[in-house]
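Trainee: Here you go, target_24.cif (mmCIF, C-alpha atoms):
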data_model
loop_
_atom_site.label_atom_id
_atom_site.label_comp_id
_atom_site.auth_asym_id
_atom_site.auth_seq_id
_atom_site.Cartn_x
_atom_site.Cartn_y
_atom_site.Cartn_z
CA MET E 24 -25.96 -68.93 8.11
CA LEU E 25 -24.21 -68.36 11.47
CA GLU E 26 -20.75 -68.80 9.96
CA GLY E 27 -21.37 -65.72 7.81
CA LEU E 28 -21.52 -63.49 10.89
CA GLN E 29 -17.79 -63.83 11.47
CA ARG E 30 -16.89 -63.37 7.82
CA HIS E 31 -18.27 -59.80 7.72
CA PRO E 32 -16.29 -57.53 10.08
CA GLU E 33 -18.55 -54.53 9.34
CA MET E 34 -21.73 -56.37 10.42
CA ILE E 35 -23.10 -55.42 13.84
CA ALA E 36 -26.50 -57.14 13.96
CA ARG E 37 -28.39 -59.75 11.95
CA VAL E 38 -31.92 -61.23 12.24
CA VAL E 39 -31.98 -64.94 11.35
CA PRO E 40 -35.32 -66.83 11.01
CA ALA E 41 -35.77 -70.24 12.62
CA ASP E 42 -35.29 -72.19 9.41
CA GLY E 43 -31.81 -70.65 9.13
CA LEU E 44 -30.94 -71.78 12.66
CA PHE E 45 -32.07 -75.42 12.83
CA THR E 46 -32.06 -78.51 10.68
CA TRP E 47 -33.69 -81.91 11.08
CA LEU E 48 -30.50 -83.21 12.60
CA SER E 49 -29.51 -80.16 14.67
CA ARG E 50 -32.22 -78.78 16.96
CA THR E 51 -30.04 -76.31 18.87
CA PHE E 52 -27.73 -73.40 17.97
CA THR E 53 -24.87 -71.68 19.73
CA PRO E 54 -23.93 -68.01 19.00
CA PRO E 55 -20.46 -67.64 17.43
CA ALA E 56 -17.60 -66.23 19.49
CA GLY E 57 -18.07 -62.49 20.03
CA TRP E 58 -21.83 -62.63 19.40
CA LEU E 59 -24.96 -63.05 21.53
CA ALA E 60 -28.51 -63.86 20.47
CA TRP E 61 -31.89 -62.58 21.52
CA THR E 62 -34.51 -65.14 20.42
CA LEU E 63 -38.21 -64.56 19.97
CA ARG E 64 -40.30 -67.57 20.93
CA ALA E 65 -43.96 -68.40 20.36
CA GLU E 66 -46.04 -68.16 23.54
CA GLN E 67 -42.85 -67.72 25.58
CA ASP E 68 -40.71 -64.84 26.72
CA PRO E 69 -37.71 -63.89 24.56
CA LEU E 70 -34.52 -65.70 25.54
CA LEU E 71 -31.08 -64.10 25.77
CA VAL E 72 -28.35 -66.54 24.68
CA GLY E 73 -24.79 -65.62 25.50
CA PRO E 74 -21.59 -66.77 23.73
CA GLY E 75 -21.02 -70.50 24.23
CA GLU E 76 -24.60 -71.14 25.40
CA SER E 77 -27.10 -73.33 23.54
CA CYS E 78 -30.64 -72.47 22.54
CA PRO E 79 -33.17 -75.24 21.85
CA ALA E 80 -35.43 -75.01 18.79
CA GLU E 81 -38.66 -75.27 20.79
CA GLY E 82 -40.90 -72.28 19.94
CA VAL E 83 -38.14 -70.20 18.34
CA ILE E 84 -39.43 -67.85 15.60
CA GLU E 85 -36.23 -65.88 14.93
CA ALA E 86 -33.05 -64.77 16.61
CA LEU E 87 -31.41 -61.34 16.68
CA PHE E 88 -27.63 -61.71 16.73
CA VAL E 89 -25.57 -58.69 17.92
CA ARG E 90 -21.88 -58.20 18.53
CA SER E 91 -20.99 -58.32 22.17
CA ALA E 92 -17.94 -56.03 21.81
CA ALA E 93 -17.99 -52.28 21.16
CA VAL E 94 -17.42 -51.03 17.61
CA GLU E 95 -15.90 -47.71 16.58
CA CYS E 96 -18.15 -45.18 14.85
CA VAL E 97 -16.73 -42.05 13.21
CA ILE E 98 -18.89 -38.95 12.64
CA GLU E 99 -17.51 -36.05 10.60
CA ASP E 100 -18.58 -32.50 9.74
CA THR E 101 -16.62 -30.14 7.48
CA ALA E 102 -18.76 -27.01 7.96
CA LEU E 103 -17.98 -26.04 11.55
CA ARG E 104 -17.12 -22.57 12.84
CA SER E 105 -15.22 -21.64 15.99
CA ALA E 106 -16.30 -18.99 18.47
CA ASP E 107 -13.95 -16.46 16.81
CA GLY E 108 -15.26 -17.18 13.31
CA HIS E 109 -12.70 -19.57 11.80
CA SER E 110 -13.78 -22.46 9.56
CA PHE E 111 -13.10 -25.95 10.93
CA SER E 112 -13.70 -29.60 10.16
CA GLY E 113 -14.36 -32.00 13.04
CA ARG E 114 -14.26 -35.74 13.63
CA LEU E 115 -15.90 -37.58 16.55
CA ARG E 116 -14.75 -41.14 17.35
CA LEU E 117 -17.07 -43.23 19.54
CA GLN E 118 -16.91 -46.76 20.95
CA VAL E 119 -20.53 -47.98 20.72
CA ARG E 120 -21.88 -51.24 22.16
CA VAL E 121 -25.35 -52.81 22.11
CA VAL E 122 -26.48 -53.34 25.72
CA ALA E 123 -26.98 -57.06 26.43
CA GLU E 124 -30.26 -56.68 28.34
CA PRO E 125 -33.70 -57.85 27.11
CA ALA E 126 -35.29 -54.40 27.36
CA GLU E 127 -32.32 -52.72 25.65
CA LEU E 128 -32.23 -55.34 22.89
CA ALA E 129 -35.95 -54.78 22.30
CA ALA E 130 -35.30 -51.01 22.00
CA PHE E 131 -32.38 -51.67 19.65
CA ARG E 132 -34.50 -53.94 17.46
CA LYS E 133 -37.33 -51.41 17.24
CA THR E 134 -35.44 -48.09 17.01
CA VAL E 135 -32.13 -48.82 15.31
CA LEU E 136 -32.76 -51.94 13.25
CA GLY E 137 -36.39 -51.22 12.44
CA ALA E 138 -37.71 -53.20 9.46
CA ASN E 139 -34.22 -54.22 8.36
CA THR E 140 -32.75 -57.64 8.98
CA MET E 141 -29.11 -56.52 9.00
CA LEU E 142 -27.16 -53.59 10.49
CA THR E 143 -23.62 -52.57 9.53
CA ARG E 144 -21.17 -50.05 10.98
CA THR E 145 -22.24 -47.54 8.30
CA ASP E 146 -25.88 -47.91 9.32
CA LEU E 147 -25.06 -47.33 12.98
CA GLN E 148 -23.01 -44.24 12.11
CA ARG E 149 -25.97 -42.96 10.10
CA TYR E 150 -28.24 -43.41 13.14
CA LEU E 151 -25.83 -41.39 15.35
CA GLN E 152 -24.92 -38.81 12.70
CA TRP E 153 -27.46 -36.09 13.53
CA PRO E 154 -26.76 -35.89 17.30
CA GLY E 155 -23.04 -36.38 16.60
CA ARG E 156 -22.93 -33.42 14.23
CA ALA E 157 -24.97 -31.35 16.67
CA PHE E 158 -22.32 -32.10 19.31
CA LEU E 159 -19.47 -31.09 16.95
CA ALA E 160 -21.18 -27.82 16.00
CA ALA E 161 -21.94 -26.85 19.60
CA PHE E 162 -18.51 -27.90 20.86
CA ALA E 163 -16.71 -25.88 18.16
CA ALA E 164 -18.96 -22.82 18.59
CA GLY E 165 -18.17 -22.69 22.31
CA ARG E 166 -14.38 -22.41 21.86
CA ASP E 167 -12.00 -20.20 19.95
CA ALA E 168 -9.78 -21.58 17.21
CA GLN E 169 -6.67 -21.88 19.38
CA ALA E 170 -8.56 -23.90 22.02
CA LEU E 171 -9.95 -26.31 19.41
CA LEU E 172 -6.42 -27.32 18.42
CA GLN E 173 -5.39 -28.14 22.00
CA PRO E 174 -5.96 -31.47 23.85
CA PHE E 175 -9.29 -31.70 25.68
CA ASP E 176 -9.98 -32.91 29.21
CA PRO E 177 -11.41 -36.47 28.83
CA ALA E 178 -13.99 -36.01 31.61
CA ASP E 179 -15.29 -32.73 30.17
CA LEU E 180 -15.40 -34.25 26.69
CA ARG E 181 -17.32 -37.31 27.88
CA ARG E 182 -19.91 -35.15 29.69
CA ALA E 183 -20.44 -33.02 26.59
CA VAL E 184 -20.87 -36.11 24.37
CA ASP E 185 -23.32 -37.72 26.81
CA GLN E 186 -25.44 -34.56 26.84
CA ARG E 187 -25.84 -34.62 23.04
CA LEU E 188 -25.89 -38.36 22.26
CA GLY E 189 -27.26 -39.79 25.50
CA ALA E 190 -30.92 -39.63 24.43
CA ALA E 191 -30.24 -41.32 21.06
CA CYS E 192 -28.22 -44.09 22.74
CA LEU E 193 -30.87 -44.63 25.42
CA ALA E 194 -33.66 -44.87 22.85
CA GLY E 195 -31.65 -47.31 20.72
CA GLY E 196 -30.40 -49.66 23.45
CA LEU E 197 -26.80 -48.47 23.00
CA CYS E 198 -24.07 -47.35 25.36
CA LEU E 199 -20.85 -45.39 24.82
CA GLU E 200 -17.56 -46.69 26.15
CA ASP E 201 -14.26 -44.92 26.69
CA PRO E 202 -12.28 -43.55 25.08
CA VAL E 203 -14.31 -40.83 23.35
CA ARG E 204 -12.13 -38.76 21.06
CA VAL E 205 -12.71 -35.60 19.04
CA GLU E 206 -10.39 -33.96 16.52
CA PHE E 207 -10.60 -30.53 14.88
CA GLU E 208 -8.66 -29.25 11.87
CA SER E 209 -8.54 -25.90 10.08
CA GLU E 210 -6.19 -25.15 7.20
CA ALA E 211 -7.62 -21.62 7.06
CA PHE E 212 -6.69 -20.98 10.71
CA LEU E 213 -3.22 -22.45 10.21
CA ASP E 214 -2.75 -20.07 7.26
CA HIS E 215 -3.96 -17.25 9.50
CA GLN E 216 -1.44 -18.26 12.16
CA ARG E 217 1.37 -18.37 9.59
CA ARG E 218 0.44 -14.89 8.38
CA GLU E 219 0.32 -13.60 11.96
CA GLN E 220 3.72 -15.14 12.69
CA GLU E 221 5.14 -13.58 9.53
CA LEU E 222 3.71 -10.18 10.50
CA ALA E 223 5.13 -10.57 14.00
CA ARG E 224 8.52 -11.49 12.54
CA ARG E 225 8.45 -8.44 10.28
CA ARG E 226 7.39 -6.18 13.14
CA SER E 227 10.24 -7.60 15.22
CA GLU E 228 12.68 -6.95 12.38
CA MET E 229 11.34 -3.41 11.95
CA ASP E 230 11.65 -2.77 15.69
CA ALA E 231 15.19 -4.15 15.67
CA ARG E 232 16.03 -2.03 12.63
CA ALA E 233 14.55 1.05 14.31
CA GLN E 234 16.60 0.37 17.45
CA ILE E 235 19.75 0.00 15.36
CA GLN E 236 18.97 3.24 13.52
CA GLN E 237 18.33 5.02 16.80
CA ALA E 238 21.60 3.68 18.16
CA LEU E 239 23.42 4.79 15.01
CA ALA E 240 21.79 8.20 15.16
CA ALA E 241 22.78 8.54 18.82
CA ALA E 242 26.33 7.46 17.98
CA GLN E 243 26.49 9.90 15.07
CA SER E 244 25.14 12.68 17.28
CA GLN E 245 27.80 11.92 19.88
CA ARG E 246 30.46 11.84 17.16
CA LEU E 247 29.21 15.14 15.75
CA ALA E 248 29.24 16.72 19.21
CA HIS E 249 32.79 15.44 19.65
CA LEU E 250 33.86 16.85 16.27
CA ILE E 251 32.20 20.20 16.97
CA ALA E 252 33.96 20.36 20.33
CA MET E 253 37.27 19.59 18.59
CA LEU E 254 36.65 22.35 16.01
CA GLU E 255 35.81 24.85 18.78
CA GLN E 256 39.02 23.93 20.59
CA MET E 257 40.93 24.37 17.35
CA ARG E 258 39.34 27.78 16.74
CA GLU E 259 40.22 28.80 20.27
CA ALA E 260 43.78 27.58 19.76
CA SER E 261 43.93 29.52 16.48
CA ARG E 262 42.80 32.70 18.23
CA GLN E 263 45.36 32.23 21.01
CA HIS E 264 48.13 31.47 18.53
CA GLY E 265 47.54 33.95 15.79
CA GLU E 266 50.49 32.67 13.85
CA ARG E 267 48.62 29.41 13.03
CA THR E 268 45.32 29.39 11.10
CA LEU E 269 42.50 26.87 11.46
CA MET E 270 43.43 25.29 8.12
CA GLU E 271 46.99 24.84 9.33
CA LEU E 272 45.70 23.12 12.44
CA LEU E 273 43.49 20.84 10.30
CA ALA E 274 46.53 20.03 8.19
CA ALA E 275 48.12 18.59 11.31
CA PHE E 276 45.62 15.71 11.18
CA SER E 277 46.53 12.64 9.20
CA PRO E 278 44.72 12.14 5.85
CA ALA E 279 42.66 9.31 7.34
CA GLU E 280 41.58 11.46 10.32
CA ARG E 281 40.67 14.37 8.06
CA GLY E 282 38.68 12.00 5.84
CA GLN E 283 36.74 10.66 8.82
CA MET E 284 35.97 14.18 10.01
CA TYR E 285 34.80 15.40 6.60
CA SER E 286 32.76 12.21 6.05
CA ALA E 287 31.02 12.47 9.42
CA LEU E 288 30.23 16.15 8.91
CA TRP E 289 28.94 15.45 5.39
CA HIS E 290 26.62 12.62 6.43
CA LEU E 291 25.32 14.41 9.51
CA SER E 292 24.48 17.61 7.66
CA PRO E 293 20.79 17.47 6.66
CA SER E 294 20.05 18.00 3.00
CA PRO E 295 17.96 21.15 2.31
CA ARG E 296 16.35 19.46 -0.73
CA ARG E 297 13.14 17.50 -0.47
CA THR E 298 11.34 15.45 -3.12
CA ARG E 299 7.92 17.02 -3.79
CA TRP E 300 6.61 14.59 -6.43
CA ILE E 301 7.63 11.40 -8.18
CA SER E 302 6.37 11.73 -11.75
CA ALA E 303 5.54 9.23 -14.50
CA VAL E 304 3.52 9.17 -17.71
CA SER E 305 0.91 6.67 -18.83
CA GLY E 306 -1.08 6.95 -22.05
CA ALA E 307 -2.16 10.60 -22.17
CA GLU E 308 -1.70 11.34 -18.45
CA LEU E 309 1.05 12.84 -16.32
CA LEU E 310 0.93 11.04 -12.95
CA LEU E 311 2.27 12.62 -9.75
CA PHE E 312 2.95 10.38 -6.74
CA ASP E 313 3.51 11.46 -3.16
CA PRO E 314 6.94 10.01 -2.14
CA GLY E 315 5.35 8.80 1.10
CA ASP E 316 2.54 6.89 -0.63
CA LEU E 317 3.31 5.20 -3.95
CA LYS E 318 0.21 2.99 -4.06
CA GLN E 319 -1.76 5.37 -6.28
CA PRO E 320 -1.18 8.78 -7.91
CA ALA E 321 -1.95 11.80 -5.77
CA ARG E 322 -2.67 13.83 -8.91
CA ARG E 323 -3.46 13.10 -12.56
CA HIS E 324 -3.01 15.65 -15.35
CA ARG E 325 -4.47 14.72 -18.75
CA LEU E 326 -2.54 16.36 -21.59
CA PRO E 327 -3.91 17.20 -25.06
CA ASN E 328 -3.67 14.38 -27.58
CA VAL E 329 -1.87 16.45 -30.20
CA LEU E 330 1.62 14.94 -30.05
CA GLY E 331 0.67 11.27 -29.72
CA PRO E 332 1.19 8.96 -26.73
CA LEU E 333 3.40 10.21 -23.91
CA ARG E 334 6.81 8.57 -23.60
CA SER E 335 8.88 10.30 -20.89
CA VAL E 336 8.98 13.00 -18.23
CA ASN E 337 12.13 14.97 -17.38
CA THR E 338 13.28 17.70 -15.04
CA ASP E 339 16.48 19.74 -15.14
CA ALA E 340 18.16 22.56 -13.24
CA ARG E 341 15.61 25.09 -14.53
CA SER E 342 12.56 23.03 -13.56
CA PRO E 343 12.36 23.80 -9.79
CA ALA E 344 12.46 27.56 -10.38
CA GLY E 345 9.83 27.46 -13.09
CA GLY E 346 7.72 24.72 -11.53
CA THR E 347 7.67 22.83 -14.84
CA VAL E 348 8.51 19.46 -16.33
CA LEU E 349 9.30 18.44 -19.90
CA VAL E 350 6.98 15.67 -21.08
CA GLY E 351 8.19 13.79 -24.15
CA ALA E 352 5.57 12.48 -26.55
CA ALA E 353 5.61 10.56 -29.84
CA THR E 354 6.14 13.69 -32.00
CA GLY E 355 7.29 16.42 -29.63
CA VAL E 356 7.58 17.84 -26.15
CA PHE E 357 5.12 19.51 -23.76
CA VAL E 358 6.28 22.10 -21.22
CA VAL E 359 3.85 21.47 -18.35
CA GLU E 360 3.22 23.37 -15.12
CA VAL E 361 3.49 20.70 -12.42
CA GLU E 362 0.95 21.91 -9.86
CA THR E 363 -1.87 22.75 -12.28
CA GLY E 364 -1.13 20.46 -15.26
CA ARG E 365 -1.43 23.46 -17.62
CA VAL E 366 0.49 23.08 -20.90
CA LEU E 367 2.70 26.16 -21.25
CA ARG E 368 4.24 25.23 -24.59
CA THR E 369 3.64 22.59 -27.25
CA LEU E 370 6.86 21.83 -29.16
CA ARG E 371 6.34 19.80 -32.33
CA ALA E 372 8.88 17.78 -34.26
CA GLY E 373 7.64 19.37 -37.50
CA PRO E 374 6.28 17.84 -40.72
CA LEU E 375 6.87 14.09 -40.78
CA ALA E 376 7.38 12.04 -43.92
CA LYS E 377 6.18 8.88 -42.18
CA ALA E 378 4.57 7.74 -38.98
CA VAL E 379 6.90 7.15 -36.03
CA ARG E 380 6.63 4.36 -33.50
CA GLY E 381 8.97 5.73 -30.87
CA GLY E 382 9.01 9.08 -29.11
CA VAL E 383 11.08 11.64 -27.25
CA ASN E 384 12.98 9.61 -24.69
CA SER E 385 14.63 12.50 -22.88
CA ALA E 386 14.53 16.30 -22.84
CA ALA E 387 16.43 19.17 -21.20
CA ALA E 388 16.20 22.96 -21.20
CA GLY E 389 18.91 25.62 -21.21
CA ALA E 390 19.00 29.40 -21.46
CA ASN E 391 18.62 29.34 -25.27
CA TRP E 392 17.42 25.88 -26.28
CA ILE E 393 15.13 23.04 -25.30
CA ILE E 394 16.61 19.77 -26.56
CA GLY E 395 14.66 16.54 -27.14
CA SER E 396 16.18 13.21 -28.15
CA HIS E 397 14.03 10.99 -30.41
CA SER E 398 14.94 7.37 -31.18
CA GLU E 399 13.87 7.75 -34.84
CA LEU E 400 14.10 11.48 -35.65
CA GLY E 401 17.37 12.18 -33.84
CA VAL E 402 18.10 15.16 -31.58
CA LEU E 403 15.63 18.05 -31.99
CA GLY E 404 15.86 21.60 -30.68
CA TRP E 405 13.45 24.44 -29.99
CA PRO E 406 14.17 28.00 -28.83
CA ALA E 407 13.92 28.22 -25.05
CA GLU E 408 11.77 31.34 -25.31
CA GLY E 409 9.17 31.84 -27.97
CA ASP E 410 5.66 31.04 -29.08
CA ASP E 411 3.46 28.61 -27.19
CA GLU E 412 3.72 26.34 -30.24
CA ALA E 413 6.95 25.84 -32.19
CA GLU E 414 8.49 23.41 -34.64
CA ALA E 415 11.84 21.74 -34.07
CA ARG E 416 15.17 22.41 -35.69
CA PRO E 417 17.34 19.34 -36.25
CA MET E 418 20.43 19.47 -34.04
CA LEU E 419 22.35 16.61 -35.74
CA ALA E 420 23.13 16.25 -39.43
CA GLU E 421 21.89 12.63 -39.44
CA PRO E 422 19.05 11.11 -37.42
CA THR E 423 20.07 8.59 -34.77
CA ARG E 424 18.53 5.65 -36.60
CA GLY E 425 18.13 2.49 -34.54
CA ALA E 426 18.81 4.19 -31.20
CA GLN E 427 16.66 2.78 -28.43
CA THR E 428 17.46 5.32 -25.72
CA VAL E 429 19.03 8.75 -26.19
CA ARG E 430 19.98 10.88 -23.18
CA CYS E 431 20.77 14.58 -23.42
CA ALA E 432 21.71 17.39 -21.05
CA LEU E 433 22.74 21.01 -21.45
CA ALA E 434 25.82 22.57 -19.95
CA ALA E 435 26.05 26.26 -19.13
CA GLY E 436 27.62 26.97 -22.50
CA GLU E 437 24.63 25.46 -24.35
CA THR E 438 26.59 22.39 -25.53
CA ALA E 439 24.35 19.39 -26.04
CA TRP E 440 25.82 16.12 -24.77
CA VAL E 441 24.18 13.17 -26.44
CA ALA E 442 24.62 9.50 -25.52
CA ILE E 443 23.30 6.98 -28.04
#
Please go through the file and, once you have read it, give me the structure as structure tokens.
Mentor:
Amino acid sequence: MLEGLQRHPEMIARVVPADGLFTWLSRTFTPPAGWLAWTLRAEQDPLLVGPGESCPAEGVIEALFVRSAAVECVIEDTALRSADGHSFSGRLRLQVRVVAEPAELAAFRKTVLGANTMLTRTDLQRYLQWPGRAFLAAFAAGRDAQALLQPFDPADLRRAVDQRLGAACLAGGLCLEDPVRVEFESEAFLDHQRREQELARRRSEMDARAQIQQALAAAQSQRLAHLIAMLEQMREASRQHGERTLMELLAAFSPAERGQMYSALWHLSPSPRRTRWISAVSGAELLLFDPGDLKQPARRHRLPNVLGPLRSVNTDARSPAGGTVLVGAATGVFVVEVETGRVLRTLRAGPLAKAVRGGVNSAAAGANWIIGSHSELGVLGWPAEGDDEAEARPMLAEPTRGAQTVRCALAAGETAWVAI
């Protein structure tokens, strides 16, 4: 019976009755190495038997064997939350020993062992689990996520553990030995840190890019001021020497110097044109996006479903003046007022012998004609001025069968340039 104590490394305590301790030939027992025994005797006080000591059989009813060395208990909780709201898992590692005193052994037998005759490491961890988890929850809730991932002061940690587990250990005849260790982990917080680091890196890159742009702008401004000063000097020289014009003075520069001057002046001259809308079509809607915010359309114009699904949207040189766009559909073109979405003209392809699967890929307007290119019907034309509804005139002798994308534009002389 006693030999089995050493064969089970997870066993912490075992109650052995008298008939398992003595035989007719052997009337004493000695606790195995690393174990001590607390024997209950009839009409006598309990006897504490240390390692290497012998206990006679006289009056012995049973013996409680306990390990004399501390054992490690691990208590875990995966549902912790830090003071700043991050999810954590925690692990508390304790070195627990049964106190080798008669009163403490009696408390251990009554409180921890109870009606059982054997106690393992798992059973002891179960006894300490509730106060251990209470410690982990309180310890995590009192610190932010960054502090939970840093090393803790051993003295502070030991005081906090004693406050939460001291009562349970005292009631069960147990004591805690150093070291006491606690570990916290949070994959969610590590992901949060990685995202913060990535945002910080991007902000740093944006700041660096802004500084470079500011430096370039300052350099360009200085260069422009230098060029303007040079031009003023050249004008003054031209006025003082009437026989030489400004162009003649510019001709005195080398081609490379003239190129640098023209390039700098070109790039530093602000463009008077500004993009008002970025347009697209989807289903039966014309979508207008603000160039500064492309996440969602600033305006939506729903067009009549008389020409089939929309396929394209085009502007040309006439569009800014008229405030219009040409919206290509499956069987024609709409002339649409951009700001209001009102359809000014509906231009149909005309009677169709069969259903078409494509649509008008591109359109352009000139002084006399509006041209639309269709991947199945070819290039179609409508008078630039006329009724609100009109049918097309074919502009090519043969349709552009099999063309996937057809681009067209109008020159001043009303010549249609078609790329198939």
Trainee: Around the point (-46.6, -68.9, 20.7) in the file's coordinates, collect all residues with an atom within 12 Å, using only C-alpha atoms, and return them as a list in words.
Mentor: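 Every polymer residue passing the test: Leu63, Arg64, Ala65, Glu66, Gln67, Asp68, Pro69, Glu81, Gly82, Val83 and Ile84 of chain E.
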Trainee: Near Arg104 in chain E, within 12 Å and counting only C-alpha atoms, which residues show up once chain neighbours fewer than 4 positions away are dropped, as a PyMOL selection string?
Mentor: chain E and resi 100+108-113+159-168+171+207-209+211-212
Trainee: Show which residues sit within 7 Å of Ala60 in chain E, as a list in words. Count all atoms listed in the file, and ignore same-chain residues fewer than 5 positions away.
Mentor: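 Surrounding residues, per the criterion: Pro54, Leu71, Val72, Gly73, Ala86, Leu87, Phe88 and Val89 of chain E.
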Trainee: Which one of E:Arg187, E:Arg204, E:Arg149, E:Arg37 sits closest to Arg132 in chain E if you count only C-alpha atoms?
Mentor: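 Of E:Arg187, E:Arg204, E:Arg149, E:Arg37, the one nearest Arg132 in chain E, counting only C-alpha atoms, is E:Arg37.
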Trainee: Quick check, in Å to one decimal: how far apart do CA of Phe357 in chain E and CA of His324 in chain E lie?
Mentor: 12.3 Å
Trainee: Compare E:Val122, E:Ala138, E:Ala413, E:Ala407 by their minimum atom-to-atom distance to Ala390 in chain E, counting only C-alpha atoms, and give me the closest one.
Mentor: E:Ala407
Trainee: What gap, in Å, lies between CA of Ala123 in chain E and CA of Ala157 in chain E?
Mentor: 27.6 Å
Trainee: Tell me which residues the PyMOL selection byres ((chain E and resi 119) around 7) grabs here, as a PDB file with C-alpha atoms, keeping the file's coordinate frame.
Mentor:
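Output file part38.pdb follows:
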ATOM      1  CA  ALA E  93     -17.990 -52.280  21.160  1.00  0.00           C
ATOM      2  CA  VAL E  94     -17.420 -51.030  17.610  1.00  0.00           C
ATOM      3  CA  GLU E  95     -15.900 -47.710  16.580  1.00  0.00           C
ATOM      4  CA  CYS E  96     -18.150 -45.180  14.850  1.00  0.00           C
ATOM      5  CA  LEU E 117     -17.070 -43.230  19.540  1.00  0.00           C
ATOM      6  CA  GLN E 118     -16.910 -46.760  20.950  1.00  0.00           C
ATOM      7  CA  ARG E 120     -21.880 -51.240  22.160  1.00  0.00           C
ATOM      8  CA  VAL E 121     -25.350 -52.810  22.110  1.00  0.00           C
ATOM      9  CA  LEU E 197     -26.800 -48.470  23.000  1.00  0.00           C
ATOM     10  CA  CYS E 198     -24.070 -47.350  25.360  1.00  0.00           C
ATOM     11  CA  LEU E 199     -20.850 -45.390  24.820  1.00  0.00           C
ATOM     12  CA  GLU E 200     -17.560 -46.690  26.150  1.00  0.00           C
TER      13      GLU E 200
END
Trainee: Pick from E:Gly195, E:Gln234, E:Gln263, E:Val359: nearest to Ala126 in chain E, with all atoms listed in the file counted?
Mentor: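 When distances to Ala126 in chain E are compared using all atoms listed in the file, the smallest one comes from E:Gly195.
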Trainee: Using only C-alpha atoms, which of the listed residues (E:Leu317, E:Thr369, E:Val348, E:Arg144) sits closest to Val329 in chain E?
Mentor: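 Smallest separation from Val329 in chain E among the options: E:Thr369.
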Trainee: So which residues touch Thr134 in chain E within 10 Å, counting only C-alpha atoms, skipping near sequence neighbours fewer than 6 positions away, as a PDB file with C-alpha atoms, in the frame of the given file?
Mentor:
ATOM      1  CA  LEU E 128     -32.230 -55.340  22.890  1.00  0.00           C
ATOM      2  CA  TYR E 150     -28.240 -43.410  13.140  1.00  0.00           C
ATOM      3  CA  ALA E 191     -30.240 -41.320  21.060  1.00  0.00           C
ATOM      4  CA  ALA E 194     -33.660 -44.870  22.850  1.00  0.00           C
ATOM      5  CA  GLY E 195     -31.650 -47.310  20.720  1.00  0.00           C
ATOM      6  CA  GLY E 196     -30.400 -49.660  23.450  1.00  0.00           C
TER       7      GLY E 196
END
Trainee: For Ala415 in chain E, which residue among E:Ile394, E:Val336, E:Ala372, E:Val205 is the nearest when counting all atoms listed in the file?
Mentor: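 Result for the nearest residue to Ala415 in chain E: E:Ala372.
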Trainee: Return the single residue from E:Val383, E:Val38, E:Leu367, E:Cys192 that is closest to Asp410 in chain E, with distances computed using all atoms listed in the file.
Mentor: E:Leu367
Trainee: Write out as a list in words the residues lying within 10 Å of Pro374 in chain E, counting all atoms listed in the file and excluding same-chain residues fewer than 2 positions away.
Mentor: Thr354, Arg371, Ala372, Ala376, Lys377, Glu414 and Ala415 of chain E
